[in-house]
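Data from structure-v6.cif: mmCIF, C-alpha atoms
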data_target
#
loop_
_atom_site.group_PDB
_atom_site.id
_atom_site.type_symbol
_atom_site.label_atom_id
_atom_site.label_comp_id
_atom_site.auth_asym_id
_atom_site.auth_seq_id
_atom_site.Cartn_x
_atom_site.Cartn_y
_atom_site.Cartn_z
ATOM 1 C CA MET A 26 -1.877 -6.471 19.727
ATOM 2 C CA ILE A 27 1.847 -6.465 18.992
ATOM 3 C CA VAL A 28 1.971 -10.183 19.814
ATOM 4 C CA PHE A 29 -1.114 -10.748 17.653
ATOM 5 C CA PHE A 30 0.496 -8.919 14.723
ATOM 6 C CA LEU A 31 3.672 -10.973 15.051
ATOM 7 C CA GLY A 32 1.472 -14.066 15.158
ATOM 8 C CA LEU A 33 -0.127 -13.079 11.842
ATOM 9 C CA VAL A 34 3.324 -12.604 10.366
ATOM 10 C CA GLY A 35 4.256 -16.053 11.632
ATOM 11 C CA VAL A 36 1.158 -17.658 10.081
ATOM 12 C CA THR A 37 1.894 -15.967 6.764
ATOM 13 C CA TYR A 38 5.530 -17.021 6.890
ATOM 14 C CA TYR A 39 4.556 -20.622 7.544
ATOM 15 C CA ALA A 40 1.954 -20.653 4.774
ATOM 16 C CA ALA A 41 4.105 -19.046 2.105
ATOM 17 C CA VAL A 42 7.635 -20.151 2.978
ATOM 18 C CA VAL A 43 7.718 -23.254 5.163
ATOM 19 C CA ALA A 44 4.705 -25.133 3.823
ATOM 20 C CA TYR A 45 4.805 -24.197 0.164
ATOM 21 C CA TYR A 46 7.685 -22.360 -1.502
ATOM 22 C CA GLY A 47 10.430 -23.754 0.725
ATOM 23 C CA PRO A 48 9.993 -27.325 -0.547
ATOM 24 C CA HIS A 49 9.866 -25.998 -4.133
ATOM 25 C CA LEU A 50 13.540 -25.083 -3.847
ATOM 26 C CA PHE A 51 14.456 -28.760 -4.193
ATOM 27 C CA ARG A 52 12.190 -29.689 -7.083
ATOM 28 C CA GLY A 53 14.462 -28.317 -9.756
ATOM 29 C CA GLY A 54 13.597 -26.640 -13.030
ATOM 30 C CA PHE A 55 11.114 -23.781 -13.330
ATOM 31 C CA ASP A 56 9.574 -24.432 -9.896
ATOM 32 C CA THR A 57 12.916 -23.763 -8.234
ATOM 33 C CA LEU A 58 13.402 -20.495 -10.139
ATOM 34 C CA ILE A 59 9.948 -19.291 -9.098
ATOM 35 C CA ALA A 60 10.620 -20.288 -5.487
ATOM 36 C CA VAL A 61 13.967 -18.454 -5.395
ATOM 37 C CA ALA A 62 12.414 -15.280 -6.846
ATOM 38 C CA PHE A 63 9.482 -15.387 -4.431
ATOM 39 C CA LEU A 64 11.583 -16.106 -1.341
ATOM 40 C CA PHE A 65 14.013 -13.300 -2.171
ATOM 41 C CA LEU A 66 11.259 -10.705 -2.638
ATOM 42 C CA PHE A 67 9.269 -11.967 0.337
ATOM 43 C CA HIS A 68 12.178 -11.808 2.778
ATOM 44 C CA LEU A 69 13.192 -8.373 1.486
ATOM 45 C CA LEU A 70 9.681 -7.029 2.074
ATOM 46 C CA LEU A 71 9.443 -8.836 5.414
ATOM 47 C CA VAL A 72 12.558 -7.038 6.661
ATOM 48 C CA MET A 73 11.094 -3.678 5.608
ATOM 49 C CA VAL A 74 7.727 -4.474 7.211
ATOM 50 C CA LEU A 75 9.299 -5.415 10.532
ATOM 51 C CA TRP A 76 11.724 -2.464 10.433
ATOM 52 C CA THR A 77 9.024 0.152 9.796
ATOM 53 C CA TYR A 78 6.701 -1.525 12.299
ATOM 54 C CA ALA A 79 9.371 -1.375 15.013
ATOM 55 C CA THR A 80 10.019 2.264 14.132
ATOM 56 C CA VAL A 81 6.347 3.178 14.588
ATOM 57 C CA VAL A 82 6.168 1.288 17.876
ATOM 58 C CA LEU A 83 9.361 2.751 19.359
ATOM 59 C CA THR A 84 9.195 6.337 18.035
ATOM 60 C CA ASP A 85 7.573 8.988 20.197
ATOM 61 C CA PRO A 86 4.724 10.472 18.102
ATOM 62 C CA GLY A 87 5.507 13.942 19.434
ATOM 63 C CA GLY A 88 4.033 15.275 22.637
ATOM 64 C CA VAL A 89 3.264 18.930 23.234
ATOM 65 C CA PRO A 90 6.163 20.449 25.257
ATOM 66 C CA LEU A 91 5.175 21.382 28.804
ATOM 67 C CA ASN A 92 6.191 25.027 28.319
ATOM 68 C CA TRP A 93 4.865 25.463 24.781
ATOM 69 C CA ARG A 94 3.679 28.977 23.912
ATOM 70 C CA PRO A 95 2.611 30.311 20.507
ATOM 71 C CA LEU A 96 4.521 32.999 18.662
ATOM 72 C CA ARG A 97 2.643 36.116 17.670
ATOM 73 C CA GLU A 98 2.474 35.217 13.984
ATOM 74 C CA GLU A 99 1.024 31.842 14.915
ATOM 75 C CA GLU A 100 -1.642 33.531 17.040
ATOM 76 C CA LYS A 101 -2.680 35.603 14.045
ATOM 77 C CA GLY A 102 -2.857 32.547 11.842
ATOM 78 C CA ASP A 103 -0.047 33.736 9.550
ATOM 79 C CA ALA A 104 2.375 30.922 10.273
ATOM 80 C CA ASP A 105 2.250 27.393 8.991
ATOM 81 C CA PRO A 106 1.796 25.239 12.130
ATOM 82 C CA LEU A 107 3.819 22.435 10.581
ATOM 83 C CA VAL A 108 7.089 23.346 8.917
ATOM 84 C CA GLY A 109 9.765 20.684 9.073
ATOM 85 C CA LEU A 110 9.356 19.093 12.481
ATOM 86 C CA GLY A 111 6.992 21.959 13.130
ATOM 87 C CA TYR A 112 4.695 22.969 15.924
ATOM 88 C CA GLY A 113 7.037 25.533 17.292
ATOM 89 C CA ILE A 114 9.603 23.092 18.616
ATOM 90 C CA ALA A 115 12.052 25.986 18.405
ATOM 91 C CA LYS A 116 9.776 27.860 20.808
ATOM 92 C CA ILE A 117 10.491 25.505 23.682
ATOM 93 C CA GLY A 118 11.832 27.475 26.584
ATOM 94 C CA THR A 119 10.554 30.855 25.416
ATOM 95 C CA ASN A 120 9.039 33.187 27.969
ATOM 96 C CA GLN A 121 6.124 34.302 25.825
ATOM 97 C CA SER A 122 2.883 34.147 27.719
ATOM 98 C CA ALA A 123 -0.671 34.200 26.545
ATOM 99 C CA VAL A 124 -4.103 33.160 27.680
ATOM 100 C CA PRO A 125 -6.644 31.308 25.544
ATOM 101 C CA GLY A 126 -8.948 34.303 25.316
ATOM 102 C CA ASP A 127 -6.273 36.374 23.576
ATOM 103 C CA PHE A 128 -5.941 34.080 20.563
ATOM 104 C CA LYS A 129 -7.203 35.269 17.221
ATOM 105 C CA ASN A 130 -6.391 31.902 15.711
ATOM 106 C CA LEU A 131 -9.036 29.529 17.015
ATOM 107 C CA ASP A 132 -6.863 26.549 16.083
ATOM 108 C CA ILE A 133 -4.700 27.250 19.117
ATOM 109 C CA GLY A 134 -6.558 25.587 21.918
ATOM 110 C CA PHE A 135 -6.467 24.849 25.600
ATOM 111 C CA CYS A 136 -6.549 21.248 26.810
ATOM 112 C CA LEU A 137 -8.728 20.944 29.885
ATOM 113 C CA LYS A 138 -7.274 17.536 30.724
ATOM 114 C CA CYS A 139 -3.623 18.633 30.513
ATOM 115 C CA ASN A 140 -4.543 22.123 31.768
ATOM 116 C CA ARG A 141 -2.269 23.886 29.294
ATOM 117 C CA LEU A 142 -2.139 25.322 25.798
ATOM 118 C CA LYS A 143 -1.946 23.090 22.771
ATOM 119 C CA PRO A 144 -0.827 24.063 19.239
ATOM 120 C CA PRO A 145 -2.945 23.775 16.097
ATOM 121 C CA ARG A 146 -3.898 20.232 15.097
ATOM 122 C CA ALA A 147 -2.797 18.742 18.423
ATOM 123 C CA HIS A 148 -5.267 16.469 20.198
ATOM 124 C CA HIS A 149 -5.452 14.811 23.578
ATOM 125 C CA CYS A 150 -5.096 11.028 23.616
ATOM 126 C CA SER A 151 -7.042 9.509 26.484
ATOM 127 C CA ILE A 152 -4.963 6.316 26.290
ATOM 128 C CA CYS A 153 -1.538 7.999 26.341
ATOM 129 C CA ASN A 154 -2.954 10.700 28.656
ATOM 130 C CA ARG A 155 -1.224 13.581 26.868
ATOM 131 C CA CYS A 156 -1.636 15.882 23.878
ATOM 132 C CA ILE A 157 -0.062 14.625 20.643
ATOM 133 C CA LEU A 158 1.219 16.875 17.853
ATOM 134 C CA LYS A 159 -0.830 16.430 14.670
ATOM 135 C CA MET A 160 -2.405 13.334 16.138
ATOM 136 C CA ASP A 161 -3.857 10.981 13.549
ATOM 137 C CA HIS A 162 -5.134 8.204 15.796
ATOM 138 C CA HIS A 163 -4.114 5.865 18.583
ATOM 139 C CA CYS A 164 -3.269 2.564 16.935
ATOM 140 C CA GLY A 165 -3.755 -0.580 18.972
ATOM 141 C CA TRP A 166 -1.719 -2.582 16.462
ATOM 142 C CA VAL A 167 1.417 -0.618 17.349
ATOM 143 C CA ALA A 168 0.443 0.185 20.962
ATOM 144 C CA ASN A 169 1.281 3.809 20.279
ATOM 145 C CA CYS A 170 -0.190 7.024 18.974
ATOM 146 C CA VAL A 171 0.398 7.930 15.348
ATOM 147 C CA GLY A 172 1.355 11.590 15.219
ATOM 148 C CA ALA A 173 3.677 14.177 13.724
ATOM 149 C CA LEU A 174 6.932 12.339 14.380
ATOM 150 C CA ASN A 175 6.052 8.755 13.449
ATOM 151 C CA TYR A 176 3.349 9.129 10.783
ATOM 152 C CA LYS A 177 5.876 8.778 7.956
ATOM 153 C CA SER A 178 7.042 5.450 9.389
ATOM 154 C CA PHE A 179 3.415 4.385 9.794
ATOM 155 C CA LEU A 180 2.680 5.155 6.150
ATOM 156 C CA LEU A 181 5.791 3.248 5.041
ATOM 157 C CA PHE A 182 4.688 0.321 7.201
ATOM 158 C CA LEU A 183 1.339 0.246 5.409
ATOM 159 C CA PHE A 184 3.088 0.534 2.046
ATOM 160 C CA TYR A 185 5.498 -2.366 2.558
ATOM 161 C CA THR A 186 2.806 -4.502 4.180
ATOM 162 C CA SER A 187 0.568 -3.913 1.168
ATOM 163 C CA LEU A 188 3.350 -4.919 -1.229
ATOM 164 C CA ALA A 189 3.949 -8.052 0.814
ATOM 165 C CA ALA A 190 0.203 -8.750 0.789
ATOM 166 C CA ILE A 191 0.033 -8.477 -2.988
ATOM 167 C CA LEU A 192 3.043 -10.764 -3.381
ATOM 168 C CA VAL A 193 1.666 -13.394 -0.995
ATOM 169 C CA CYS A 194 -1.818 -13.295 -2.495
ATOM 170 C CA LEU A 195 -0.499 -13.775 -6.016
ATOM 171 C CA ALA A 196 1.869 -16.507 -4.886
ATOM 172 C CA LEU A 197 -0.794 -18.467 -3.014
ATOM 173 C CA LEU A 198 -3.432 -18.372 -5.744
ATOM 174 C CA ARG A 199 -1.914 -21.588 -7.012
ATOM 175 C CA VAL A 200 -2.349 -23.124 -3.564
ATOM 176 C CA PHE A 201 -6.056 -22.327 -3.578
ATOM 177 C CA MET A 202 -6.386 -23.996 -6.954
ATOM 178 C CA GLU A 203 -4.626 -27.107 -5.666
ATOM 179 C CA ILE A 204 -6.916 -27.247 -2.618
ATOM 180 C CA PHE A 205 -10.041 -27.023 -4.776
ATOM 181 C CA ASN A 206 -8.628 -29.760 -7.016
ATOM 182 C CA ASP A 207 -8.244 -31.977 -3.929
ATOM 183 C CA ASP A 208 -4.481 -32.057 -4.250
ATOM 184 C CA GLU A 209 -2.523 -32.745 -1.091
ATOM 185 C CA VAL A 210 -1.256 -29.457 0.311
ATOM 186 C CA ASP A 211 0.262 -28.949 3.765
ATOM 187 C CA LEU A 212 -2.028 -25.993 4.418
ATOM 188 C CA THR A 213 -5.573 -25.664 5.699
ATOM 189 C CA PRO A 214 -8.082 -23.262 4.121
ATOM 190 C CA GLY A 215 -8.293 -21.514 7.496
ATOM 191 C CA LYS A 216 -4.610 -20.591 7.481
ATOM 192 C CA LEU A 217 -4.837 -19.311 3.925
ATOM 193 C CA ALA A 218 -7.998 -17.330 4.683
ATOM 194 C CA ALA A 219 -6.355 -15.704 7.711
ATOM 195 C CA THR A 220 -3.392 -14.728 5.568
ATOM 196 C CA PHE A 221 -5.536 -13.201 2.833
ATOM 197 C CA ILE A 222 -7.978 -11.361 5.094
ATOM 198 C CA ALA A 223 -5.374 -9.974 7.493
ATOM 199 C CA PHE A 224 -3.052 -8.571 4.869
ATOM 200 C CA VAL A 225 -5.370 -7.640 1.999
ATOM 201 C CA SER A 226 -7.352 -5.440 4.406
ATOM 202 C CA VAL A 227 -4.242 -3.287 4.811
ATOM 203 C CA LEU A 228 -4.586 -2.173 1.179
ATOM 204 C CA GLY A 229 -7.744 -0.207 1.898
ATOM 205 C CA PHE A 230 -6.147 1.400 4.931
ATOM 206 C CA LEU A 231 -3.132 2.436 2.840
ATOM 207 C CA ILE A 232 -5.328 3.981 0.135
ATOM 208 C CA MET A 233 -7.250 5.938 2.769
ATOM 209 C CA HIS A 234 -4.080 7.378 4.303
ATOM 210 C CA ILE A 235 -2.562 8.260 0.916
ATOM 211 C CA THR A 236 -5.746 10.230 0.239
ATOM 212 C CA LEU A 237 -5.498 11.964 3.627
ATOM 213 C CA VAL A 238 -1.854 12.910 3.047
ATOM 214 C CA GLY A 239 -2.771 14.359 -0.343
ATOM 215 C CA ALA A 240 -5.334 16.596 1.372
ATOM 216 C CA ASN A 241 -3.091 17.309 4.400
ATOM 217 C CA ARG A 242 -5.647 15.950 6.841
ATOM 218 C CA THR A 243 -5.408 13.550 9.728
ATOM 219 C CA THR A 244 -7.942 10.834 10.435
ATOM 220 C CA ILE A 245 -9.323 12.923 13.299
ATOM 221 C CA GLU A 246 -9.666 15.991 11.068
ATOM 222 C CA PHE A 247 -11.324 13.944 8.334
ATOM 223 C CA GLN A 248 -13.898 12.545 10.754
ATOM 224 C CA ALA A 249 -14.580 15.955 12.311
ATOM 225 C CA LYS A 250 -14.684 18.079 9.161
ATOM 226 C CA ASP A 251 -17.791 20.160 8.595
ATOM 227 C CA LYS A 252 -19.375 18.820 5.421
ATOM 228 C CA LYS A 253 -21.937 21.637 5.349
ATOM 229 C CA THR A 254 -19.390 24.278 4.446
ATOM 230 C CA GLY A 255 -17.500 24.575 1.194
ATOM 231 C CA LEU A 256 -14.537 26.272 2.818
ATOM 232 C CA THR A 257 -11.065 25.351 1.620
ATOM 233 C CA TRP A 258 -9.034 23.397 4.149
ATOM 234 C CA ARG A 259 -6.533 25.945 5.447
ATOM 235 C CA TYR A 260 -3.661 23.453 5.655
ATOM 236 C CA ASP A 261 -4.075 22.123 2.117
ATOM 237 C CA LEU A 262 -0.990 23.315 0.232
ATOM 238 C CA GLY A 263 -1.669 21.252 -2.866
ATOM 239 C CA TRP A 264 -1.007 17.535 -3.119
ATOM 240 C CA LYS A 265 2.659 17.936 -4.101
ATOM 241 C CA LYS A 266 3.577 20.215 -1.187
ATOM 242 C CA ASN A 267 1.440 18.139 1.162
ATOM 243 C CA TYR A 268 3.461 15.020 0.326
ATOM 244 C CA GLU A 269 6.734 16.956 0.569
ATOM 245 C CA GLN A 270 5.726 18.181 4.015
ATOM 246 C CA ARG A 271 4.971 14.657 5.203
ATOM 247 C CA ARG A 272 8.227 13.357 3.744
ATOM 248 C CA SER A 273 10.208 15.909 5.757
ATOM 249 C CA CYS A 274 8.541 14.976 9.046
ATOM 250 C CA GLY A 275 8.769 11.935 11.291
#
Step by step, read the file and then write its structure as structure tokens.
Amino acid sequence: MIVFFLGLVGVTYYAAVVAYYGPHLFRGGFDTLIAVAFLFLFHLLLVMVLWTYATVVLTDPGGVPLNWRPLREEEKGDADPLVGLGYGIAKIGTNQSAVPGDFKNLDIGFCLKCNRLKPPRAHHCSICNRCILKMDHHCGWVANCVGALNYKSFLLFLFYTSLAAILVCLALLRVFMEIFNDDEVDLTPGKLAATFIAFVSVLGFLIMHITLVGANRTTIEFQAKDKKTGLTWRYDLGWKKNYEQRRSCG
């Protein structure tokens, strides 16, 4: 999927830069000014898209330490499971012992596949074959899990990709008009359609994740939430603190 994503980027680059706005640089007048402005913004956003994408791909999402044990306040449910980098990373190496039956906080679980304790909001990824801290989902597009330590980069990737999508869509509206007017354009409708569909679809994904961050939920938690109860989500600190928490992590 990484190769496929890079292929989509290549198709978009060809459609917007090589086939259309590149030649406009030599036409002179207003067309050249528009081309310079577009190419500057497009390449700036392209760098940010590729940078954040590489960060998501290469960053470990945060696995549960082999010797993780909960602190007493976490067992009682009095501690916030995610503060800063969170999940008791400072607890690594402690000698505290506990068994699943002793926990008063039901969020602290026991992974049958890993055969060890897992902290609140951690989930087992069958593809990565390990438990991931605050796992959101396993993303095939980045060939990696999205979790506590790379979710921020993932959200930024969606943000910059959406900005690039808006820019490209607005810029290529004129191309669509020229195609429908039977003007000669060095682009096929198929290439333009692939560009629009592939990148505009990211907008909906970005909106969904902004909503989840505002509620301090992961995709897994959103899908598994009990809609029959009107209970307040225990990790919801208010949208402002929820965003601040995400900004300070991964």
Spell out the residues picked by the PyMOL selection byres ((chain A and resi 242) around 10) here, as a PDB file with C-alpha atoms, keeping the file's coordinate frame.
ATOM      1  CA  ARG A 146      -3.898  20.232  15.097  1.00  0.00           C
ATOM      2  CA  LYS A 159      -0.830  16.430  14.670  1.00  0.00           C
ATOM      3  CA  ASP A 161      -3.857  10.981  13.549  1.00  0.00           C
ATOM      4  CA  HIS A 234      -4.080   7.378   4.303  1.00  0.00           C
ATOM      5  CA  THR A 236      -5.746  10.230   0.239  1.00  0.00           C
ATOM      6  CA  LEU A 237      -5.498  11.964   3.627  1.00  0.00           C
ATOM      7  CA  VAL A 238      -1.854  12.910   3.047  1.00  0.00           C
ATOM      8  CA  GLY A 239      -2.771  14.359  -0.343  1.00  0.00           C
ATOM      9  CA  ALA A 240      -5.334  16.596   1.372  1.00  0.00           C
ATOM     10  CA  ASN A 241      -3.091  17.309   4.400  1.00  0.00           C
ATOM     11  CA  THR A 243      -5.408  13.550   9.728  1.00  0.00           C
ATOM     12  CA  THR A 244      -7.942  10.834  10.435  1.00  0.00           C
ATOM     13  CA  ILE A 245      -9.323  12.923  13.299  1.00  0.00           C
ATOM     14  CA  GLU A 246      -9.666  15.991  11.068  1.00  0.00           C
ATOM     15  CA  PHE A 247     -11.324  13.944   8.334  1.00  0.00           C
ATOM     16  CA  GLN A 248     -13.898  12.545  10.754  1.00  0.00           C
ATOM     17  CA  LYS A 250     -14.684  18.079   9.161  1.00  0.00           C
ATOM     18  CA  TRP A 258      -9.034  23.397   4.149  1.00  0.00           C
ATOM     19  CA  TYR A 260      -3.661  23.453   5.655  1.00  0.00           C
ATOM     20  CA  ASP A 261      -4.075  22.123   2.117  1.00  0.00           C
ATOM     21  CA  ASN A 267       1.440  18.139   1.162  1.00  0.00           C
TER      22      ASN A 267
END
Which residue of A:Cys274, A:Cys194, A:Leu231, A:Val82 approaches Cys164 of chain A most closely, using all atoms listed in the file: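 Nearest to Cys164 of chain A: A:Val82.
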Exercise: Leu64 of chain A partners within 9 Å, all atoms listed in the file, chain neighbours under 3 positions left out, as a list in words: Ala41, Val42, Tyr46, Gly47, Ile59, Ala60, Val61, Phe67, His68 and Leu69 of chain A
Take the point (-2.3, 5.1, 29.4) in the file's coordinates, draw a sphere of radius 12 Å around it, and report as a list in words every protein, DNA or RNA residue with an atom inside or on it, counting all atoms listed in the file. His149, Cys150, Ser151, Ile152, Cys153, Asn154, Arg155, His163, Gly165, Ala168, Asn169 and Cys170 of chain A
Suppose you want the space between atom CA of Tyr185 of chain A and atom CA of Gln270 of chain A; what is it in Å?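 Computed distance, atom CA of Tyr185 of chain A to atom CA of Gln270 of chain A, equals 20.6 Å.
Going from atom CA of Ala189 of chain A over to atom CA of Lys265 of chain A, you cover 26.5 Å.
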Excluding same-chain residues fewer than 5 positions from Met160 of chain A, what lies within 6 Å of it counting all atoms listed in the file, as a PDB file with C-alpha atoms, in the coordinates of the input?
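Full text of result_21.pdb as output:
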ATOM      1  CA  ALA A 147      -2.797  18.742  18.423  1.00  0.00           C
ATOM      2  CA  HIS A 148      -5.267  16.469  20.198  1.00  0.00           C
ATOM      3  CA  GLY A 172       1.355  11.590  15.219  1.00  0.00           C
TER       4      GLY A 172
END
Which is closer to Leu96 of chain A than all the others in A:Cys139, A:Val43, A:Ala62, A:Ile133, using only C-alpha atoms?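 Ranked by minimum distance to Leu96 of chain A, first place goes to A:Ile133.
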Can you spell out as a list in words the set of residues that the PyMOL selection byres ((chain A and resi 31) around 12) selects in the structure I just provided? Met26, Ile27, Val28, Phe29, Phe30, Gly32, Leu33, Val34, Gly35, Val36, Thr37, Tyr38, Leu71, Val74, Leu75, Tyr78, Ala79, Trp166, Val167 and Ala223 of chain A
Counting all atoms listed in the file, closest pick from A:Tyr39, A:Phe230, A:Phe65, A:Phe135 relative to Leu183 of chain A is A:Phe230
Would you mind listing what lies within 6 Å of segment 85-89 of chain A as a VMD selection string, with all atoms listed in the file counted and same-chain residues fewer than 6 positions away left out? chain A and resid 156 to 158 171 to 175
Which residue gives the smallest distance to Arg271 of chain A among A:Leu83, A:Ile235, A:Pro144, A:Thr257, with all atoms listed in the file counted?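 Between A:Leu83, A:Ile235, A:Pro144, A:Thr257, the residue approaching Arg271 of chain A most closely is A:Ile235.
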Measuring between all atoms listed in the file, which one of A:Ser187, A:Thr80, A:Leu181, A:Val193 shows the shortest distance to Leu66 of chain A? A:Val193
What does the structure give for the distance between atom CA of Gly134 of chain A and atom CA of Tyr176 of chain A, in Å to one decimal?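 About the pair atom CA of Gly134 of chain A and atom CA of Tyr176 of chain A: they are 22.2 Å apart.
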